[in-house]
file upload39.pdb (PDB, C-alpha atoms, pLDDT in the B column)
ATOM      1  CA  MET A   1       7.777   7.523   4.435  1.00 38.00           C
ATOM      2  CA  ALA A   2       9.745   5.623   7.017  1.00 42.00           C
ATOM      3  CA  LYS A   3      12.080   3.714   4.723  1.00 62.00           C
ATOM      4  CA  SER A   4      13.024   3.770   1.098  1.00 76.00           C
ATOM      5  CA  PRO A   5       9.994   2.941  -1.020  1.00 90.00           C
ATOM      6  CA  VAL A   6       9.285  -0.543  -2.298  1.00 94.00           C
ATOM      7  CA  GLU A   7       9.168  -0.558  -6.091  1.00 96.00           C
ATOM      8  CA  ILE A   8       7.278  -3.283  -7.957  1.00 97.00           C
ATOM      9  CA  THR A   9       6.793  -4.122 -11.632  1.00 98.00           C
ATOM     10  CA  THR A  10       3.957  -6.535 -12.420  1.00 98.00           C
ATOM     11  CA  GLN A  11       1.936  -7.726 -15.376  1.00 98.00           C
ATOM     12  CA  LEU A  12      -1.278  -7.836 -13.340  1.00 97.00           C
ATOM     13  CA  SER A  13      -3.946  -5.313 -14.318  1.00 97.00           C
ATOM     14  CA  MET A  14      -4.435  -2.188 -12.241  1.00 97.00           C
ATOM     15  CA  ALA A  15      -7.699  -3.587 -10.870  1.00 97.00           C
ATOM     16  CA  GLU A  16      -6.026  -6.876  -9.898  1.00 97.00           C
ATOM     17  CA  ALA A  17      -3.079  -5.149  -8.206  1.00 97.00           C
ATOM     18  CA  ALA A  18      -5.415  -2.793  -6.336  1.00 96.00           C
ATOM     19  CA  GLY A  19      -7.631  -5.693  -5.233  1.00 96.00           C
ATOM     20  CA  VAL A  20      -4.634  -7.593  -3.868  1.00 97.00           C
ATOM     21  CA  PHE A  21      -3.575  -4.413  -2.038  1.00 96.00           C
ATOM     22  CA  ARG A  22      -7.014  -4.104  -0.445  1.00 94.00           C
ATOM     23  CA  GLU A  23      -6.899  -7.680   0.835  1.00 93.00           C
ATOM     24  CA  ALA A  24      -3.257  -7.552   1.970  1.00 94.00           C
ATOM     25  CA  MET A  25      -3.805  -4.397   4.032  1.00 92.00           C
ATOM     26  CA  ARG A  26      -6.779  -5.736   5.959  1.00 86.00           C
ATOM     27  CA  VAL A  27      -6.276  -6.517   9.615  1.00 75.00           C
ATOM     28  CA  SER A  28      -7.693  -9.502  11.469  1.00 62.00           C
ATOM     29  CA  TRP A  29     -11.420 -10.133  11.729  1.00 55.00           C
ATOM     30  CA  TRP A  30     -11.151  -9.611  15.490  1.00 57.00           C
ATOM     31  CA  SER A  31      -9.541  -6.201  15.100  1.00 57.00           C
ATOM     32  CA  GLU A  32     -12.043  -5.072  12.482  1.00 57.00           C
ATOM     33  CA  HIS A  33     -15.256  -6.253  14.078  1.00 52.00           C
ATOM     34  CA  VAL A  34     -14.608  -6.384  17.814  1.00 57.00           C
ATOM     35  CA  THR A  35     -12.097  -3.638  18.622  1.00 55.00           C
ATOM     36  CA  GLY A  36     -12.958  -1.324  15.715  1.00 57.00           C
ATOM     37  CA  ALA A  37      -9.291  -0.997  14.740  1.00 65.00           C
ATOM     38  CA  GLY A  38      -9.748  -1.953  11.112  1.00 74.00           C
ATOM     39  CA  THR A  39      -8.077  -0.658   7.989  1.00 83.00           C
ATOM     40  CA  THR A  40      -9.580   2.288   6.158  1.00 81.00           C
ATOM     41  CA  PHE A  41      -8.689   3.359   2.632  1.00 85.00           C
ATOM     42  CA  GLU A  42      -8.410   6.993   1.601  1.00 85.00           C
ATOM     43  CA  GLN A  43      -7.023   9.066  -1.195  1.00 84.00           C
ATOM     44  CA  PRO A  44      -3.994  10.777   0.330  1.00 78.00           C
ATOM     45  CA  SER A  45      -3.970  14.528   0.317  1.00 75.00           C
ATOM     46  CA  GLY A  46      -1.304  15.972  -1.886  1.00 70.00           C
ATOM     47  CA  SER A  47       0.191  19.266  -2.751  1.00 65.00           C
ATOM     48  CA  VAL A  48      -1.083  21.684  -5.353  1.00 63.00           C
ATOM     49  CA  PHE A  49       2.289  21.146  -7.002  1.00 68.00           C
ATOM     50  CA  ASP A  50       1.354  17.507  -7.689  1.00 69.00           C
ATOM     51  CA  THR A  51      -0.725  18.753 -10.622  1.00 65.00           C
ATOM     52  CA  VAL A  52       2.422  19.844 -12.465  1.00 67.00           C
ATOM     53  CA  ALA A  53       4.352  16.629 -11.849  1.00 71.00           C
ATOM     54  CA  GLU A  54       5.699  15.212 -15.090  1.00 79.00           C
ATOM     55  CA  ASP A  55       4.792  11.610 -14.249  1.00 85.00           C
ATOM     56  CA  ARG A  56       1.649  11.569 -12.128  1.00 87.00           C
ATOM     57  CA  PRO A  57       0.464   8.153 -10.934  1.00 90.00           C
ATOM     58  CA  ASP A  58      -2.667   6.702 -12.507  1.00 92.00           C
ATOM     59  CA  PHE A  59      -3.913   5.396  -9.145  1.00 93.00           C
ATOM     60  CA  VAL A  60      -3.151   6.505  -5.578  1.00 93.00           C
ATOM     61  CA  VAL A  61      -4.483   5.118  -2.302  1.00 94.00           C
ATOM     62  CA  MET A  62      -3.504   5.170   1.363  1.00 91.00           C
ATOM     63  CA  ALA A  63      -4.362   2.313   3.731  1.00 91.00           C
ATOM     64  CA  LEU A  64      -4.660   3.551   7.321  1.00 87.00           C
ATOM     65  CA  LEU A  65      -3.885   0.602   9.558  1.00 83.00           C
ATOM     66  CA  GLY A  66      -5.862   0.647  12.805  1.00 71.00           C
ATOM     67  CA  GLY A  67      -4.177   1.487  16.075  1.00 59.00           C
ATOM     68  CA  ARG A  68      -6.776   0.159  18.504  1.00 58.00           C
ATOM     69  CA  GLY A  69      -8.604   3.468  18.398  1.00 53.00           C
ATOM     70  CA  ALA A  70      -5.579   5.636  19.247  1.00 56.00           C
ATOM     71  CA  GLY A  71      -4.691   7.866  16.301  1.00 56.00           C
ATOM     72  CA  ILE A  72      -1.134   8.261  17.534  1.00 53.00           C
ATOM     73  CA  GLN A  73      -0.552   4.510  17.022  1.00 57.00           C
ATOM     74  CA  LYS A  74      -1.758   4.352  13.431  1.00 72.00           C
ATOM     75  CA  SER A  75       0.500   3.822  10.473  1.00 80.00           C
ATOM     76  CA  ALA A  76      -0.263   3.985   6.780  1.00 85.00           C
ATOM     77  CA  VAL A  77       0.829   2.345   3.566  1.00 91.00           C
ATOM     78  CA  HIS A  78       0.820   4.625   0.534  1.00 92.00           C
ATOM     79  CA  MET A  79       0.399   3.029  -2.897  1.00 95.00           C
ATOM     80  CA  TYR A  80       1.197   4.821  -6.157  1.00 94.00           C
ATOM     81  CA  MET A  81       0.563   2.944  -9.416  1.00 96.00           C
ATOM     82  CA  TRP A  82       1.387   3.771 -13.032  1.00 96.00           C
ATOM     83  CA  ASN A  83       0.011   1.950 -16.078  1.00 96.00           C
ATOM     84  CA  ARG A  84       2.988   1.339 -18.374  1.00 95.00           C
ATOM     85  CA  GLY A  85       1.487  -0.589 -21.287  1.00 94.00           C
ATOM     86  CA  PRO A  86       2.034  -4.291 -20.586  1.00 96.00           C
ATOM     87  CA  ASN A  87       3.277  -3.589 -17.018  1.00 97.00           C
ATOM     88  CA  ARG A  88       2.163  -1.759 -13.925  1.00 98.00           C
ATOM     89  CA  GLU A  89       4.758   0.067 -11.837  1.00 97.00           C
ATOM     90  CA  ILE A  90       3.883   0.311  -8.168  1.00 97.00           C
ATOM     91  CA  MET A  91       5.580   2.255  -5.404  1.00 95.00           C
ATOM     92  CA  LEU A  92       4.733   1.580  -1.765  1.00 94.00           C
ATOM     93  CA  GLY A  93       5.820   3.656   1.215  1.00 89.00           C
ATOM     94  CA  VAL A  94       5.172   3.728   4.941  1.00 86.00           C
ATOM     95  CA  GLY A  95       3.846   6.726   6.793  1.00 76.00           C
ATOM     96  CA  ARG A  96       3.584   6.559  10.547  1.00 60.00           C
ATOM     97  CA  ASN A  97       2.429   8.610  13.481  1.00 53.00           C
ATOM     98  CA  LEU A  98       4.503   9.471  16.513  1.00 47.00           C
ATOM     99  CA  GLY A  99       3.528   6.421  18.591  1.00 48.00           C
ATOM    100  CA  SER A 100       3.916   3.954  15.741  1.00 50.00           C
ATOM    101  CA  PHE A 101       7.071   2.224  14.611  1.00 57.00           C
ATOM    102  CA  GLY A 102       5.601   1.187  11.248  1.00 65.00           C
ATOM    103  CA  ILE A 103       6.084  -2.514  12.052  1.00 72.00           C
ATOM    104  CA  LYS A 104       2.529  -3.431  11.084  1.00 79.00           C
ATOM    105  CA  ALA A 105       2.803  -1.432   7.849  1.00 83.00           C
ATOM    106  CA  ASN A 106       6.051  -3.140   6.879  1.00 85.00           C
ATOM    107  CA  ARG A 107       4.473  -6.570   7.522  1.00 88.00           C
ATOM    108  CA  LYS A 108       1.508  -5.619   5.347  1.00 90.00           C
ATOM    109  CA  ILE A 109       3.835  -4.554   2.517  1.00 93.00           C
ATOM    110  CA  ARG A 110       5.623  -7.911   2.736  1.00 94.00           C
ATOM    111  CA  ARG A 111       2.201  -9.637   2.649  1.00 94.00           C
ATOM    112  CA  TYR A 112       1.256  -7.633  -0.457  1.00 96.00           C
ATOM    113  CA  VAL A 113       4.484  -8.448  -2.290  1.00 97.00           C
ATOM    114  CA  ASP A 114       4.120 -12.156  -1.474  1.00 97.00           C
ATOM    115  CA  ALA A 115       0.497 -12.190  -2.696  1.00 97.00           C
ATOM    116  CA  LEU A 116       1.469 -10.457  -5.958  1.00 97.00           C
ATOM    117  CA  ALA A 117       4.318 -12.946  -6.487  1.00 97.00           C
ATOM    118  CA  ASP A 118       1.848 -15.828  -6.115  1.00 97.00           C
ATOM    119  CA  LEU A 119      -0.339 -14.339  -8.874  1.00 97.00           C
ATOM    120  CA  ASP A 120       2.464 -13.057 -11.123  1.00 97.00           C
ATOM    121  CA  PRO A 121       5.692 -15.096 -11.001  1.00 96.00           C
ATOM    122  CA  SER A 122       7.326 -12.585 -13.392  1.00 96.00           C
ATOM    123  CA  MET A 123       6.892  -9.769 -10.858  1.00 97.00           C
ATOM    124  CA  GLU A 124      10.040  -7.870  -9.890  1.00 97.00           C
ATOM    125  CA  TYR A 125      10.537  -5.752  -6.791  1.00 96.00           C
ATOM    126  CA  SER A 126      13.151  -3.864  -4.802  1.00 94.00           C
ATOM    127  CA  GLY A 127      13.301  -2.049  -1.502  1.00 90.00           C
ATOM    128  CA  ILE A 128      12.505  -4.867   0.910  1.00 82.00           C
TER
END
call {"tool": "encode", "arguments": {"input": "upload39.pdb", "output": "structure tokens"}}
result
Amino acid sequence: MAKSPVEITTQLSMAEAAGVFREAMRVSWWSEHVTGAGTTFEQPSGSVFDTVAEDRPDFVVMALLGGRGAGIQKSAVHMYMWNRGPNREIMLGVGRNLGSFGIKANRKIRRYVDALADLDPSMEYSGI
């Protein structure tokens, strides 16, 4: 992760928070349909030691942000979400390849936080 993680607490459901993430991470229509540099979503590979973690996330996804077809230019946003009764705790981090500065990923995180705040005014966050 390029910077310290962004930590969010929201009252939105896990499905709502994940849906907002999916929309916030998408790139422009032009990039997706014309240049083929769209966003793909994957489950990040972990370590075998993740299975013994005391507080494993309930949902994990990685958004790979297109780099115009060059893998070295791609960056990723990792999302880890825990269901904590009335709240969801979310941690976002940026992963980037050698030729990427993570600028696009950081903009997408800001877009996600803003979209969550519109839906949940009680949302709290840190790390931006």
call {"tool": "resolve_selection", "arguments": {"input": "upload39.pdb", "expression": "the PyMOL selection byres ((chain A and resi 22) around 12)", "output": "PyMOL selection string"}}
result
chain A and resi 15-21+23-27+39-42+61-65+77-79+108-109+111-112+115-116
call {"tool": "write_last_selection", "arguments": {"input": "upload39.pdb", "atoms": "C-alpha atoms", "output": "PDB file, in the frame of the given file"}}
result
ATOM      1  CA  ALA A  15      -7.699  -3.587 -10.870  1.00 97.00           C
ATOM      2  CA  GLU A  16      -6.026  -6.876  -9.898  1.00 97.00           C
ATOM      3  CA  ALA A  17      -3.079  -5.149  -8.206  1.00 97.00           C
ATOM      4  CA  ALA A  18      -5.415  -2.793  -6.336  1.00 96.00           C
ATOM      5  CA  GLY A  19      -7.631  -5.693  -5.233  1.00 96.00           C
ATOM      6  CA  VAL A  20      -4.634  -7.593  -3.868  1.00 97.00           C
ATOM      7  CA  PHE A  21      -3.575  -4.413  -2.038  1.00 96.00           C
ATOM      8  CA  GLU A  23      -6.899  -7.680   0.835  1.00 93.00           C
ATOM      9  CA  ALA A  24      -3.257  -7.552   1.970  1.00 94.00           C
ATOM     10  CA  MET A  25      -3.805  -4.397   4.032  1.00 92.00           C
ATOM     11  CA  ARG A  26      -6.779  -5.736   5.959  1.00 86.00           C
ATOM     12  CA  VAL A  27      -6.276  -6.517   9.615  1.00 75.00           C
ATOM     13  CA  THR A  39      -8.077  -0.658   7.989  1.00 83.00           C
ATOM     14  CA  THR A  40      -9.580   2.288   6.158  1.00 81.00           C
ATOM     15  CA  PHE A  41      -8.689   3.359   2.632  1.00 85.00           C
ATOM     16  CA  GLU A  42      -8.410   6.993   1.601  1.00 85.00           C
ATOM     17  CA  VAL A  61      -4.483   5.118  -2.302  1.00 94.00           C
ATOM     18  CA  MET A  62      -3.504   5.170   1.363  1.00 91.00           C
ATOM     19  CA  ALA A  63      -4.362   2.313   3.731  1.00 91.00           C
ATOM     20  CA  LEU A  64      -4.660   3.551   7.321  1.00 87.00           C
ATOM     21  CA  LEU A  65      -3.885   0.602   9.558  1.00 83.00           C
ATOM     22  CA  VAL A  77       0.829   2.345   3.566  1.00 91.00           C
ATOM     23  CA  HIS A  78       0.820   4.625   0.534  1.00 92.00           C
ATOM     24  CA  MET A  79       0.399   3.029  -2.897  1.00 95.00           C
ATOM     25  CA  LYS A 108       1.508  -5.619   5.347  1.00 90.00           C
ATOM     26  CA  ILE A 109       3.835  -4.554   2.517  1.00 93.00           C
ATOM     27  CA  ARG A 111       2.201  -9.637   2.649  1.00 94.00           C
ATOM     28  CA  TYR A 112       1.256  -7.633  -0.457  1.00 96.00           C
ATOM     29  CA  ALA A 115       0.497 -12.190  -2.696  1.00 97.00           C
ATOM     30  CA  LEU A 116       1.469 -10.457  -5.958  1.00 97.00           C
TER      31      LEU A 116
END
call {"tool": "residues_around", "arguments": {"input": "upload39.pdb", "residues": "A:Phe59", "least_positions_apart": "6", "cutoff": "7 Å", "atoms": "only C-alpha atoms", "output": "PyMOL selection string"}}
result
chain A and resi 80-82
call {"tool": "residues_around", "arguments": {"input": "upload39.pdb", "residues": "stretch 3-7 of chain A", "least_positions_apart": "5", "cutoff": "10 Å", "atoms": "only C-alpha atoms", "output": "compact mmCIF listing (two decimals) with C-alpha atoms, in the coordinates of the input"}}
result
# COMPACT_ATOMS: atom_id res chain seq x y z
CA HIS A 78 0.82 4.62 0.53
CA MET A 79 0.40 3.03 -2.90
CA TYR A 80 1.20 4.82 -6.16
CA MET A 81 0.56 2.94 -9.42
CA GLU A 89 4.76 0.07 -11.84
CA ILE A 90 3.88 0.31 -8.17
CA MET A 91 5.58 2.26 -5.40
CA LEU A 92 4.73 1.58 -1.76
CA GLY A 93 5.82 3.66 1.22
CA VAL A 94 5.17 3.73 4.94
CA GLY A 95 3.85 6.73 6.79
CA GLY A 102 5.60 1.19 11.25
CA ASN A 106 6.05 -3.14 6.88
CA ILE A 109 3.84 -4.55 2.52
CA ARG A 110 5.62 -7.91 2.74
CA VAL A 113 4.48 -8.45 -2.29
CA GLU A 124 10.04 -7.87 -9.89
CA TYR A 125 10.54 -5.75 -6.79
CA SER A 126 13.15 -3.86 -4.80
CA GLY A 127 13.30 -2.05 -1.50
CA ILE A 128 12.50 -4.87 0.91
call {"tool": "atom_distance", "arguments": {"input": "upload39.pdb", "atom1": "atom CA of A:Asp58", "atom2": "atom CA of A:Asp120"}}
result
20.5 Å
call {"tool": "closest_residue", "arguments": {"input": "upload39.pdb", "among": "A:Glu54, A:Val60, A:Ser75, A:Asp118", "to": "A:Leu12", "atoms": "all atoms listed in the file"}}
result
A:Asp118
call {"tool": "axis_aligned_box", "arguments": {"input": "upload39.pdb", "around": "stretch 117-128 of chain A", "padding_each_side": "5 Å", "output": "lines of an AutoDock Vina configuration file"}}
result
center_x = 6.5
center_y = -8.9
center_z = -6.2
size_x = 23.6
size_y = 23.8
size_z = 24.3
call {"tool": "atom_distance", "arguments": {"input": "upload39.pdb", "atom1": "atom CA of A:Leu119", "atom2": "atom CA of A:Lys74"}}
result
29.1 Å
call {"tool": "closest_residue", "arguments": {"input": "upload39.pdb", "among": "A:Gly46, A:Asp55, A:Asp114, A:Arg88", "to": "A:Met14", "atoms": "only C-alpha atoms"}}
result
A:Arg88
call {"tool": "closest_residue", "arguments": {"input": "upload39.pdb", "among": "A:Asn87, A:Arg107, A:Ser45, A:Gly66", "to": "A:Met123", "atoms": "only C-alpha atoms"}}
result
A:Asn87
call {"tool": "closest_residue", "arguments": {"input": "upload39.pdb", "among": "A:Pro86, A:Ala76, A:Ser13, A:Ile103", "to": "A:Gly38", "atoms": "all atoms listed in the file"}}
result
A:Ala76
